[in-house]
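With PDB, C-alpha atoms and all ligand atoms inside, this is run-v8.pdb:
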ATOM      1  CA  MET B   1     -17.642  -6.640  -6.067
ATOM      2  CA  GLU B   2     -19.116  -9.122  -3.610
ATOM      3  CA  GLY B   3     -18.885  -8.309   0.096
ATOM      4  CA  LEU B   4     -17.469  -4.780  -0.032
ATOM      5  CA  ALA B   5     -20.605  -2.645   0.400
ATOM      6  CA  GLY B   6     -20.916  -1.317   3.939
ATOM      7  CA  LYS B   7     -17.394  -2.378   4.971
ATOM      8  CA  ARG B   8     -14.961   0.000   6.650
ATOM      9  CA  ALA B   9     -11.497   0.245   5.103
ATOM     10  CA  LEU B  10      -8.321   1.806   6.532
ATOM     11  CA  ILE B  11      -5.766   2.817   3.912
ATOM     12  CA  THR B  12      -2.325   3.993   4.958
ATOM     13  CA  GLY B  13      -0.758   6.471   2.554
ATOM     14  CA  GLY B  14      -4.242   6.834   1.084
ATOM     15  CA  ALA B  15      -3.916  10.522   0.275
ATOM     16  CA  ALA B  16      -2.046  10.236  -3.022
ATOM     17  CA  GLY B  17      -0.922   7.901  -5.790
ATOM     18  CA  ILE B  18      -1.869   4.230  -5.571
ATOM     19  CA  GLY B  19      -3.370   4.642  -2.073
ATOM     20  CA  ARG B  20      -5.731   7.351  -3.323
ATOM     21  CA  ALA B  21      -6.831   5.139  -6.238
ATOM     22  CA  ILE B  22      -7.478   2.277  -3.803
ATOM     23  CA  ALA B  23      -9.507   4.565  -1.537
ATOM     24  CA  LEU B  24     -11.644   5.796  -4.444
ATOM     25  CA  LYS B  25     -12.131   2.275  -5.856
ATOM     26  CA  LEU B  26     -13.213   0.867  -2.476
ATOM     27  CA  ALA B  27     -15.520   3.868  -1.941
ATOM     28  CA  ARG B  28     -17.137   3.257  -5.354
ATOM     29  CA  GLU B  29     -17.656  -0.353  -4.256
ATOM     30  CA  GLY B  30     -19.562   0.913  -1.212
ATOM     31  CA  CYS B  31     -16.901   1.013   1.517
ATOM     32  CA  ASP B  32     -16.513   3.760   4.093
ATOM     33  CA  ILE B  33     -12.933   4.976   4.112
ATOM     34  CA  ALA B  34     -10.388   5.999   6.754
ATOM     35  CA  LEU B  35      -7.184   7.563   5.442
ATOM     36  CA  PHE B  36      -4.007   7.614   7.502
ATOM     37  CA  ASP B  37      -1.331   9.712   5.825
ATOM     38  CA  ILE B  38       1.599  11.920   6.734
ATOM     39  CA  ASP B  39       0.353  14.601   4.311
ATOM     40  CA  ALA B  40      -2.615  16.317   5.964
ATOM     41  CA  GLY B  41      -3.545  18.570   3.025
ATOM     42  CA  ALA B  42      -3.576  15.760   0.464
ATOM     43  CA  ALA B  43      -5.502  13.482   2.837
ATOM     44  CA  GLU B  44      -8.226  16.117   3.329
ATOM     45  CA  LYS B  45      -8.469  16.560  -0.444
ATOM     46  CA  THR B  46      -8.882  12.831  -1.054
ATOM     47  CA  ALA B  47     -11.368  12.572   1.819
ATOM     48  CA  ALA B  48     -13.458  15.277   0.099
ATOM     49  CA  GLU B  49     -13.402  13.243  -3.147
ATOM     50  CA  ILE B  50     -14.678  10.209  -1.218
ATOM     51  CA  SER B  51     -17.416  12.248   0.479
ATOM     52  CA  ALA B  52     -18.522  13.355  -2.993
ATOM     53  CA  LEU B  53     -19.129   9.636  -3.701
ATOM     54  CA  ARG B  54     -21.515   9.665  -0.707
ATOM     55  CA  ARG B  55     -19.347   7.424   1.433
ATOM     56  CA  ASP B  56     -18.137   8.234   4.924
ATOM     57  CA  ALA B  57     -14.557   9.552   4.755
ATOM     58  CA  LYS B  58     -12.246  10.265   7.659
ATOM     59  CA  ALA B  59      -8.633  11.384   7.526
ATOM     60  CA  ALA B  60      -5.964  11.322  10.235
ATOM     61  CA  THR B  61      -2.452  12.652   9.920
ATOM     62  CA  GLY B  62       0.493  10.676  11.239
ATOM     63  CA  ASP B  63       3.552   8.590  10.546
ATOM     64  CA  VAL B  64       3.166   4.811  10.170
ATOM     65  CA  SER B  65       6.742   4.296  11.360
ATOM     66  CA  ASP B  66       5.933   5.714  14.809
ATOM     67  CA  MET B  67       3.702   3.483  16.961
ATOM     68  CA  ALA B  68       2.546   6.407  19.155
ATOM     69  CA  SER B  69       1.470   8.237  16.018
ATOM     70  CA  VAL B  70      -0.318   5.103  14.753
ATOM     71  CA  ARG B  71      -2.216   4.730  18.011
ATOM     72  CA  ALA B  72      -3.207   8.423  18.054
ATOM     73  CA  ALA B  73      -4.433   8.297  14.452
ATOM     74  CA  LEU B  74      -6.403   5.107  15.019
ATOM     75  CA  ALA B  75      -8.009   6.552  18.131
ATOM     76  CA  GLN B  76      -9.132   9.492  16.012
ATOM     77  CA  LEU B  77     -10.352   7.298  13.132
ATOM     78  CA  THR B  78     -12.283   4.894  15.355
ATOM     79  CA  ALA B  79     -13.784   7.575  17.591
ATOM     80  CA  ASN B  80     -17.299   6.276  16.837
ATOM     81  CA  GLY B  81     -16.225   2.767  17.819
ATOM     82  CA  ALA B  82     -16.640   1.241  14.361
ATOM     83  CA  PRO B  83     -13.892  -1.299  13.685
ATOM     84  CA  PHE B  84     -12.058  -1.832  10.398
ATOM     85  CA  ASP B  85     -13.009  -4.726   8.114
ATOM     86  CA  ILE B  86     -10.245  -3.999   5.597
ATOM     87  CA  LEU B  87      -6.670  -2.823   6.125
ATOM     88  CA  VAL B  88      -4.537  -1.737   3.182
ATOM     89  CA  ASN B  89      -0.897  -1.219   4.196
ATOM     90  CA  ASN B  90       0.055   1.041   1.308
ATOM     91  CA  ALA B  91       2.280   3.807   2.739
ATOM     92  CA  GLY B  92       5.810   3.414   1.440
ATOM     93  CA  ILE B  93       8.875   5.369   0.394
ATOM     94  CA  ALA B  94      11.732   4.722  -2.031
ATOM     95  CA  ARG B  95      15.297   5.920  -1.395
ATOM     96  CA  LEU B  96      17.765   5.013  -4.119
ATOM     97  CA  GLY B  97      21.361   3.995  -3.597
ATOM     98  CA  SER B  98      23.768   1.098  -3.881
ATOM     99  CA  LEU B  99      23.998  -1.230  -0.912
ATOM    100  CA  LEU B 100      27.634  -0.123  -0.547
ATOM    101  CA  THR B 101      27.008   3.613  -0.534
ATOM    102  CA  ILE B 102      23.418   4.343   0.539
ATOM    103  CA  SER B 103      23.428   6.567   3.632
ATOM    104  CA  ASP B 104      22.561   5.036   7.003
ATOM    105  CA  LYS B 105      19.659   7.476   7.221
ATOM    106  CA  ASP B 106      18.164   6.493   3.853
ATOM    107  CA  TRP B 107      18.563   2.799   4.733
ATOM    108  CA  ARG B 108      16.880   3.197   8.121
ATOM    109  CA  ASP B 109      14.146   5.558   6.881
ATOM    110  CA  THR B 110      13.168   3.050   4.184
ATOM    111  CA  PHE B 111      12.928   0.223   6.712
ATOM    112  CA  ALA B 112      11.114   2.479   9.211
ATOM    113  CA  VAL B 113       8.267   3.297   6.812
ATOM    114  CA  ASN B 114       8.087   0.203   4.592
ATOM    115  CA  VAL B 115       8.680  -2.499   7.223
ATOM    116  CA  ASP B 116       8.040  -0.997  10.682
ATOM    117  CA  GLY B 117       5.049   0.860   9.224
ATOM    118  CA  VAL B 118       3.397  -2.382   8.087
ATOM    119  CA  PHE B 119       4.357  -4.038  11.395
ATOM    120  CA  ASN B 120       2.932  -1.181  13.510
ATOM    121  CA  VAL B 121      -0.388  -0.746  11.735
ATOM    122  CA  THR B 122      -0.917  -4.505  11.413
ATOM    123  CA  ARG B 123      -0.303  -4.977  15.140
ATOM    124  CA  ALA B 124      -2.711  -2.155  15.945
ATOM    125  CA  VAL B 125      -5.564  -3.300  13.678
ATOM    126  CA  VAL B 126      -5.434  -7.063  13.045
ATOM    127  CA  PRO B 127      -5.995  -8.266  16.657
ATOM    128  CA  GLY B 128      -9.462  -6.645  16.468
ATOM    129  CA  MET B 129     -10.157  -8.511  13.218
ATOM    130  CA  VAL B 130      -9.055 -11.788  14.825
ATOM    131  CA  GLU B 131     -11.352 -11.103  17.776
ATOM    132  CA  ARG B 132     -14.312 -10.429  15.452
ATOM    133  CA  ARG B 133     -13.271 -13.418  13.316
ATOM    134  CA  ARG B 134     -13.329 -11.539  10.025
ATOM    135  CA  GLY B 135     -11.191  -9.143   8.061
ATOM    136  CA  ALA B 136      -8.947  -8.727   5.039
ATOM    137  CA  VAL B 137      -5.464  -7.230   4.892
ATOM    138  CA  VAL B 138      -3.736  -6.233   1.655
ATOM    139  CA  ASN B 139      -0.077  -5.206   1.785
ATOM    140  CA  LEU B 140       1.619  -3.199  -0.975
ATOM    141  CA  ALA B 141       4.875  -4.937  -1.817
ATOM    142  CA  SER B 142       6.484  -4.512  -5.260
ATOM    143  CA  TRP B 143       7.985  -6.430  -8.165
ATOM    144  CA  LEU B 144      11.167  -5.428  -6.264
ATOM    145  CA  GLY B 145       9.895  -7.691  -3.493
ATOM    146  CA  ARG B 146      10.458 -10.538  -5.974
ATOM    147  CA  ARG B 147      13.905  -9.677  -7.290
ATOM    148  CA  GLY B 148      16.692  -7.275  -6.449
ATOM    149  CA  HIS B 149      17.735  -4.422  -8.701
ATOM    150  CA  PRO B 150      20.791  -2.130  -8.837
ATOM    151  CA  ALA B 151      20.282   1.058  -6.781
ATOM    152  CA  PHE B 152      17.145  -0.368  -5.125
ATOM    153  CA  SER B 153      18.906  -2.339  -2.360
ATOM    154  CA  ALA B 154      17.056  -0.811   0.592
ATOM    155  CA  TYR B 155      13.711  -0.644  -1.179
ATOM    156  CA  ALA B 156      13.916  -4.224  -2.484
ATOM    157  CA  ALA B 157      14.969  -5.540   0.932
ATOM    158  CA  THR B 158      11.940  -3.873   2.536
ATOM    159  CA  LYS B 159       9.545  -5.196  -0.095
ATOM    160  CA  PHE B 160      10.897  -8.757   0.286
ATOM    161  CA  ALA B 161      10.135  -8.220   4.002
ATOM    162  CA  VAL B 162       6.547  -7.212   3.192
ATOM    163  CA  VAL B 163       6.046 -10.445   1.221
ATOM    164  CA  GLY B 164       7.612 -12.371   4.133
ATOM    165  CA  MET B 165       5.309 -10.717   6.684
ATOM    166  CA  THR B 166       2.303 -11.467   4.449
ATOM    167  CA  GLN B 167       3.189 -15.135   4.065
ATOM    168  CA  SER B 168       3.907 -15.523   7.798
ATOM    169  CA  LEU B 169       0.822 -13.753   9.127
ATOM    170  CA  ALA B 170      -1.641 -15.352   6.673
ATOM    171  CA  PRO B 171      -1.519 -18.880   8.136
ATOM    172  CA  GLU B 172      -1.403 -17.491  11.700
ATOM    173  CA  VAL B 173      -4.754 -15.704  11.357
ATOM    174  CA  ALA B 174      -6.465 -17.891   8.723
ATOM    175  CA  PRO B 175      -8.208 -20.046  11.373
ATOM    176  CA  SER B 176      -9.762 -16.807  12.712
ATOM    177  CA  GLY B 177     -11.287 -15.939   9.351
ATOM    178  CA  VAL B 178      -8.815 -13.158   8.538
ATOM    179  CA  ARG B 179      -7.120 -13.167   5.118
ATOM    180  CA  VAL B 180      -3.751 -11.523   4.392
ATOM    181  CA  ASN B 181      -2.450 -10.971   0.876
ATOM    182  CA  ALA B 182       0.046  -8.779  -0.930
ATOM    183  CA  VAL B 183       0.209  -7.126  -4.326
ATOM    184  CA  CYS B 184       3.476  -6.657  -6.188
ATOM    185  CA  PRO B 185       3.023  -3.747  -8.606
ATOM    186  CA  GLY B 186       5.462  -3.247 -11.446
ATOM    187  CA  LEU B 187       6.158   0.168 -12.973
ATOM    188  CA  ILE B 188       3.164   2.307 -12.023
ATOM    189  CA  GLY B 189       2.947   5.844 -13.386
ATOM    190  CA  GLY B 190       1.120   8.956 -12.249
ATOM    191  CA  THR B 191       2.115   8.846  -8.576
ATOM    192  CA  PRO B 192       4.359  11.218  -6.618
ATOM    193  CA  MET B 193       6.773   8.323  -5.961
ATOM    194  CA  ARG B 194       7.045   7.499  -9.671
ATOM    195  CA  ASP B 195       7.513  11.192 -10.566
ATOM    196  CA  ALA B 196      10.382  11.424  -8.058
ATOM    197  CA  LEU B 197      11.977   8.182  -9.325
ATOM    198  CA  ASP B 198      11.661   9.399 -12.927
ATOM    199  CA  ALA B 199      13.381  12.677 -12.031
ATOM    200  CA  THR B 200      16.236  10.798 -10.326
ATOM    201  CA  SER B 201      16.575   8.417 -13.293
ATOM    202  CA  GLU B 202      16.622  11.266 -15.775
ATOM    203  CA  ALA B 203      19.316  13.088 -13.797
ATOM    204  CA  ALA B 204      21.415   9.896 -13.885
ATOM    205  CA  GLY B 205      20.917   9.527 -17.662
ATOM    206  CA  LEU B 206      18.601   6.533 -17.220
ATOM    207  CA  PRO B 207      15.205   6.081 -18.959
ATOM    208  CA  ARG B 208      11.960   7.263 -17.366
ATOM    209  CA  ALA B 209       9.435   4.496 -16.557
ATOM    210  CA  ALA B 210       7.237   5.228 -19.597
ATOM    211  CA  GLU B 211      10.232   4.749 -21.893
ATOM    212  CA  ARG B 212      10.577   1.203 -20.553
ATOM    213  CA  ALA B 213       7.108   0.213 -21.811
ATOM    214  CA  LYS B 214       8.675  -1.819 -24.638
ATOM    215  CA  SER B 215      10.167  -4.201 -22.056
ATOM    216  CA  ILE B 216       6.707  -4.826 -20.540
ATOM    217  CA  PRO B 217       4.767  -7.604 -22.323
ATOM    218  CA  ILE B 218       1.427  -5.749 -21.996
ATOM    219  CA  GLY B 219       3.135  -2.776 -23.682
ATOM    220  CA  ARG B 220       2.531   0.024 -21.202
ATOM    221  CA  ILE B 221       3.336   1.006 -17.662
ATOM    222  CA  GLY B 222       0.571   0.502 -15.096
ATOM    223  CA  THR B 223      -1.848   2.982 -13.589
ATOM    224  CA  PRO B 224      -2.795   3.353  -9.914
ATOM    225  CA  GLU B 225      -6.259   2.126 -10.956
ATOM    226  CA  ASP B 226      -4.760  -1.136 -12.327
ATOM    227  CA  VAL B 227      -3.418  -1.822  -8.835
ATOM    228  CA  ALA B 228      -6.572  -0.622  -7.046
ATOM    229  CA  LYS B 229      -8.745  -3.149  -8.909
ATOM    230  CA  VAL B 230      -6.621  -6.085  -7.724
ATOM    231  CA  VAL B 231      -6.511  -4.732  -4.168
ATOM    232  CA  ALA B 232     -10.319  -4.419  -4.174
ATOM    233  CA  PHE B 233     -10.630  -8.010  -5.413
ATOM    234  CA  LEU B 234      -8.329  -9.285  -2.651
ATOM    235  CA  ALA B 235     -10.264  -7.287  -0.041
ATOM    236  CA  SER B 236     -13.618  -8.584  -1.302
ATOM    237  CA  ASP B 237     -15.441 -11.835  -0.609
ATOM    238  CA  GLU B 238     -14.677 -12.830  -4.194
ATOM    239  CA  ALA B 239     -11.212 -13.703  -2.876
ATOM    240  CA  ALA B 240     -12.670 -15.709   0.031
ATOM    241  CA  TYR B 241     -10.321 -18.648  -0.692
ATOM    242  CA  VAL B 242      -7.204 -16.518  -1.277
ATOM    243  CA  THR B 243      -4.731 -15.918   1.520
ATOM    244  CA  GLY B 244      -0.952 -15.694   1.773
ATOM    245  CA  ALA B 245      -0.771 -14.789  -1.920
ATOM    246  CA  ALA B 246       1.416 -12.129  -3.504
ATOM    247  CA  TYR B 247      -0.227 -10.976  -6.738
ATOM    248  CA  ASP B 248       1.963  -9.515  -9.477
ATOM    249  CA  VAL B 249       0.305  -6.464 -11.063
ATOM    250  CA  ALA B 250       3.120  -5.737 -13.460
ATOM    251  CA  GLY B 251       1.902  -6.286 -17.021
ATOM    252  CA  GLY B 252       4.083  -9.378 -17.268
ATOM    253  CA  LEU B 253       7.259  -7.426 -16.421
ATOM    254  CA  TRP B 254       8.241 -10.118 -13.992
ATOM    255  CA  MET B 255       6.467 -13.449 -13.692
ATOM    256  CA  THR B 256       6.524 -15.733 -10.676
TER     257      THR B 256
HETATM  258  N1  LIG N   1       4.615   3.684  -8.032
HETATM  259  C1  LIG N   1       5.139   2.496  -8.308
HETATM  260  O1  LIG N   1       5.638   2.269  -9.435
HETATM  261  C2  LIG N   1       5.117   1.391  -7.293
HETATM  262  C3  LIG N   1       5.538   0.118  -7.721
HETATM  263  C4  LIG N   1       5.545  -0.925  -6.806
HETATM  264  C5  LIG N   1       5.125  -0.722  -5.500
HETATM  265  N2  LIG N   1       4.724   0.517  -5.107
HETATM  266  C6  LIG N   1       4.303   0.652  -3.697
HETATM  267  O2  LIG N   1       2.956   1.102  -3.662
HETATM  268  C7  LIG N   1       2.754   1.958  -2.529
HETATM  269  C8  LIG N   1       2.237   3.304  -3.008
HETATM  270  O3  LIG N   1       3.147   3.833  -3.981
HETATM  271  P1  LIG N   1       2.927   5.260  -4.656
HETATM  272  O4  LIG N   1       3.702   5.265  -5.901
HETATM  273  O5  LIG N   1       1.482   5.622  -4.665
HETATM  274  O6  LIG N   1       3.682   6.170  -3.560
HETATM  275  P2  LIG N   1       3.536   7.763  -3.338
HETATM  276  O7  LIG N   1       4.812   8.233  -2.738
HETATM  277  O8  LIG N   1       3.099   8.381  -4.598
HETATM  278  O9  LIG N   1       2.370   7.862  -2.246
HETATM  279  C9  LIG N   1       2.601   7.344  -0.958
HETATM  280  C10 LIG N   1       1.629   7.926   0.037
HETATM  281  O10 LIG N   1       2.069   7.478   1.339
HETATM  282  C11 LIG N   1       2.184   8.600   2.215
HETATM  283  N3  LIG N   1       3.241   8.338   3.183
HETATM  284  C12 LIG N   1       4.579   8.320   2.944
HETATM  285  N4  LIG N   1       5.242   8.086   4.098
HETATM  286  C13 LIG N   1       4.309   7.935   5.072
HETATM  287  C14 LIG N   1       4.377   7.678   6.472
HETATM  288  N5  LIG N   1       5.563   7.544   7.095
HETATM  289  N6  LIG N   1       3.218   7.572   7.174
HETATM  290  C15 LIG N   1       2.028   7.733   6.546
HETATM  291  N7  LIG N   1       1.904   8.003   5.235
HETATM  292  C16 LIG N   1       3.021   8.087   4.505
HETATM  293  C17 LIG N   1       2.477   9.780   1.289
HETATM  294  O11 LIG N   1       2.145  11.028   1.895
HETATM  295  C18 LIG N   1       1.617   9.452   0.075
HETATM  296  O12 LIG N   1       0.298   9.921   0.235
HETATM  297  C19 LIG N   1       4.120   2.044  -1.825
HETATM  298  O13 LIG N   1       4.172   1.091  -0.799
HETATM  299  C20 LIG N   1       5.095   1.692  -2.929
HETATM  300  O14 LIG N   1       6.293   1.187  -2.414
HETATM  301  C21 LIG N   1       4.713   1.579  -5.974
END
Encoding of this model in structure tokens:
Amino acid sequence: MEGLAGKRALITGGAAGIGRAIALKLAREGCDIALFDIDAGAAEKTAAEISALRRDAKAATGDVSDMASVRAALAQLTANGAPFDILVNNAGIARLGSLLTISDKDWRDTFAVNVDGVFNVTRAVVPGMVERRRGAVVNLASWLGRRGHPAFSAYAATKFAVVGMTQSLAPEVAPSGVRVNAVCPGLIGGTPMRDALDATSEAAGLPRAAERAKSIPIGRIGTPEDVAKVVAFLASDEAAYVTGAAYDVAGGLWMT
């Protein structure tokens, strides 16, 4: 893909699931990769997979919801002074519960990671891109950032916020040559988050994601690689005229 080779990409939550697929896709396209994840063991494992692709791979452990942790991780990841050309705000969590009964802790934890996390890392990385007058940011929202859904009140509210942050920041930094886009994945299988959601659904007598394939026009649930390809496109120069967009990667599950 045009304009990715030799770039440096920071991926939050890049150790597992969709973030790992994005890291591997960008590495295959010639990017050097920095992973920032709360799970040190998984991050080291993914970093080793990237090194095997002969790209530079660094991993730092920390929590995106804590600005001190963000600053410490970034200091570690930029120790050689090389700035980031690409930021993928991917780290996210899902806590289920009705708006009327979800615990205060689950509500606040979801906002802390999914909203404050994007806010913190964006504020730490994007000013450098603006200064250098180039860069691409891709935020992981969700199809639940397009519509609400029973039991997903906190999660949907945070993903609407991610789309809102994307659409607000994009025009602010566009004159400086920095692009900001979002992807809105639908039902994506094969990630720790999806496995946990499937287990919760099953316990509540609800269908697992794969059983909902019939309701998806393309006829299957998505893979982390389906999402990674669109993220790579948005990060590349092939999307040079795309900013402020929120791309649905949902097999037609929800169309905007
Ligand atoms: N799986 C889906 O069906 C789906 C659908 C739509 C959107 N998404 C979004 O895509 C992104 C990735 O989803 P996934 O299914 O791969 O999730 P996942 O839970 O499988 O992986 C998330 C990664 O983020 C890391 N992480 C979690 N909290 C963190 C924190 N506070 N600081 C740093 N790292 C942290 C985890 O350790 C993990 O490596 C999320 O933002 C999610 O909301 C997922």
Using only C-alpha atoms and all ligand atoms, what are the residues with an atom within 8 Å of ligand LIG 1 (chain N), set out as a short mmCIF file (atom, residue, chain, number, x, y, z; two decimals) with C-alpha atoms, keeping the file's coordinate frame?
data_model
loop_
_atom_site.label_atom_id
_atom_site.label_comp_id
_atom_site.auth_asym_id
_atom_site.auth_seq_id
_atom_site.Cartn_x
_atom_site.Cartn_y
_atom_site.Cartn_z
CA THR B 12 -2.33 3.99 4.96
CA GLY B 13 -0.76 6.47 2.55
CA GLY B 14 -4.24 6.83 1.08
CA ALA B 15 -3.92 10.52 0.28
CA ALA B 16 -2.05 10.24 -3.02
CA GLY B 17 -0.92 7.90 -5.79
CA ILE B 18 -1.87 4.23 -5.57
CA GLY B 19 -3.37 4.64 -2.07
CA ARG B 20 -5.73 7.35 -3.32
CA PHE B 36 -4.01 7.61 7.50
CA ASP B 37 -1.33 9.71 5.82
CA ILE B 38 1.60 11.92 6.73
CA ASP B 39 0.35 14.60 4.31
CA ALA B 42 -3.58 15.76 0.46
CA ALA B 43 -5.50 13.48 2.84
CA THR B 61 -2.45 12.65 9.92
CA GLY B 62 0.49 10.68 11.24
CA ASP B 63 3.55 8.59 10.55
CA VAL B 64 3.17 4.81 10.17
CA SER B 65 6.74 4.30 11.36
CA ASP B 66 5.93 5.71 14.81
CA ASN B 89 -0.90 -1.22 4.20
CA ASN B 90 0.06 1.04 1.31
CA ALA B 91 2.28 3.81 2.74
CA GLY B 92 5.81 3.41 1.44
CA ILE B 93 8.88 5.37 0.39
CA ALA B 94 11.73 4.72 -2.03
CA ALA B 112 11.11 2.48 9.21
CA VAL B 113 8.27 3.30 6.81
CA ASN B 114 8.09 0.20 4.59
CA GLY B 117 5.05 0.86 9.22
CA LEU B 140 1.62 -3.20 -0.98
CA ALA B 141 4.88 -4.94 -1.82
CA SER B 142 6.48 -4.51 -5.26
CA TRP B 143 7.98 -6.43 -8.16
CA LEU B 144 11.17 -5.43 -6.26
CA TYR B 155 13.71 -0.64 -1.18
CA LYS B 159 9.54 -5.20 -0.10
CA CYS B 184 3.48 -6.66 -6.19
CA PRO B 185 3.02 -3.75 -8.61
CA GLY B 186 5.46 -3.25 -11.45
CA LEU B 187 6.16 0.17 -12.97
CA ILE B 188 3.16 2.31 -12.02
CA GLY B 189 2.95 5.84 -13.39
CA GLY B 190 1.12 8.96 -12.25
CA THR B 191 2.12 8.85 -8.58
CA PRO B 192 4.36 11.22 -6.62
CA MET B 193 6.77 8.32 -5.96
CA ARG B 194 7.04 7.50 -9.67
CA ASP B 195 7.51 11.19 -10.57
CA GLY B 222 0.57 0.50 -15.10
CA PRO B 224 -2.80 3.35 -9.91
#
Minimum-distance residue to Ala75 (chain B), chosen among B:Ala124, B:Val183, B:Met129, B:Ala196 (using only C-alpha atoms):
B:Ala124
Given the file shown, determine the residues that the PyMOL selection byres (((chain B and resi 235-242) around 10) and not hetatm) selects; report them as a ChimeraX atom specification.
/B:1-5,7,9,26,29,85-88,135-138,170,177-181,229-234,243-246
Okay, now the selection with C-alpha atoms, as a JSON list (two decimals), in the frame of the given file?
[["chain", "number", "residue", "atom", "x", "y", "z"],
["B", 1, "MET", "CA", -17.64, -6.64, -6.07],
["B", 2, "GLU", "CA", -19.12, -9.12, -3.61],
["B", 3, "GLY", "CA", -18.89, -8.31, 0.10],
["B", 4, "LEU", "CA", -17.47, -4.78, -0.03],
["B", 5, "ALA", "CA", -20.60, -2.64, 0.40],
["B", 7, "LYS", "CA", -17.39, -2.38, 4.97],
["B", 9, "ALA", "CA", -11.50, 0.24, 5.10],
["B", 26, "LEU", "CA", -13.21, 0.87, -2.48],
["B", 29, "GLU", "CA", -17.66, -0.35, -4.26],
["B", 85, "ASP", "CA", -13.01, -4.73, 8.11],
["B", 86, "ILE", "CA", -10.24, -4.00, 5.60],
["B", 87, "LEU", "CA", -6.67, -2.82, 6.12],
["B", 88, "VAL", "CA", -4.54, -1.74, 3.18],
["B", 135, "GLY", "CA", -11.19, -9.14, 8.06],
["B", 136, "ALA", "CA", -8.95, -8.73, 5.04],
["B", 137, "VAL", "CA", -5.46, -7.23, 4.89],
["B", 138, "VAL", "CA", -3.74, -6.23, 1.66],
["B", 170, "ALA", "CA", -1.64, -15.35, 6.67],
["B", 177, "GLY", "CA", -11.29, -15.94, 9.35],
["B", 178, "VAL", "CA", -8.82, -13.16, 8.54],
["B", 179, "ARG", "CA", -7.12, -13.17, 5.12],
["B", 180, "VAL", "CA", -3.75, -11.52, 4.39],
["B", 181, "ASN", "CA", -2.45, -10.97, 0.88],
["B", 229, "LYS", "CA", -8.74, -3.15, -8.91],
["B", 230, "VAL", "CA", -6.62, -6.08, -7.72],
["B", 231, "VAL", "CA", -6.51, -4.73, -4.17],
["B", 232, "ALA", "CA", -10.32, -4.42, -4.17],
["B", 233, "PHE", "CA", -10.63, -8.01, -5.41],
["B", 234, "LEU", "CA", -8.33, -9.28, -2.65],
["B", 243, "THR", "CA", -4.73, -15.92, 1.52],
["B", 244, "GLY", "CA", -0.95, -15.69, 1.77],
["B", 245, "ALA", "CA", -0.77, -14.79, -1.92],
["B", 246, "ALA", "CA", 1.42, -12.13, -3.50]]
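For the pair CA of Thr200 (chain B) and CA of Ile102 (chain B), the interatomic distance is 14.5 Å.
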Among the residues B:Ala23, B:Lys58, B:Leu169, B:Asp104, the one that comes closest to Ala73 (chain B) [using all atoms listed in the file]:
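Under the stated criterion, the closest residue is B:Lys58.
The two atoms in question, CA of Gln76 (chain B) and CA of Ala34 (chain B), are spaced 10.0 Å apart.
What separates CA of Ala182 (chain B) from CA of Arg54 (chain B) is a distance of 28.4 Å.
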Given the file above and the PyMOL selection byres (((chain B and resi 77) around 10) and not hetatm), which residues are selected, and can you give them as an MDAnalysis selection string?
chainID B and resid 10 33:36 57:60 71:76 78:84
Centre and edges of the region 118-136 of chain B box, axis-aligned, 6 Å extra per side, as lines of an AutoDock Vina configuration file:
center_x = -5.0
center_y = -7.1
center_z = 11.4
size_x = 30.7
size_y = 24.7
size_z = 24.7
Which of these residues is nearest to Val163 (chain B), using only C-alpha atoms: B:Asp248, B:Asp198, B:Asp109, B:Glu225?
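For Val163 (chain B), the nearest of the given residues is B:Asp248.
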Which is closer to Ser176 (chain B) than all the others in B:Glu131, B:Asp116, B:Glu44, B:Asp226, using all atoms listed in the file?
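The closest residue to Ser176 (chain B) is B:Glu131.
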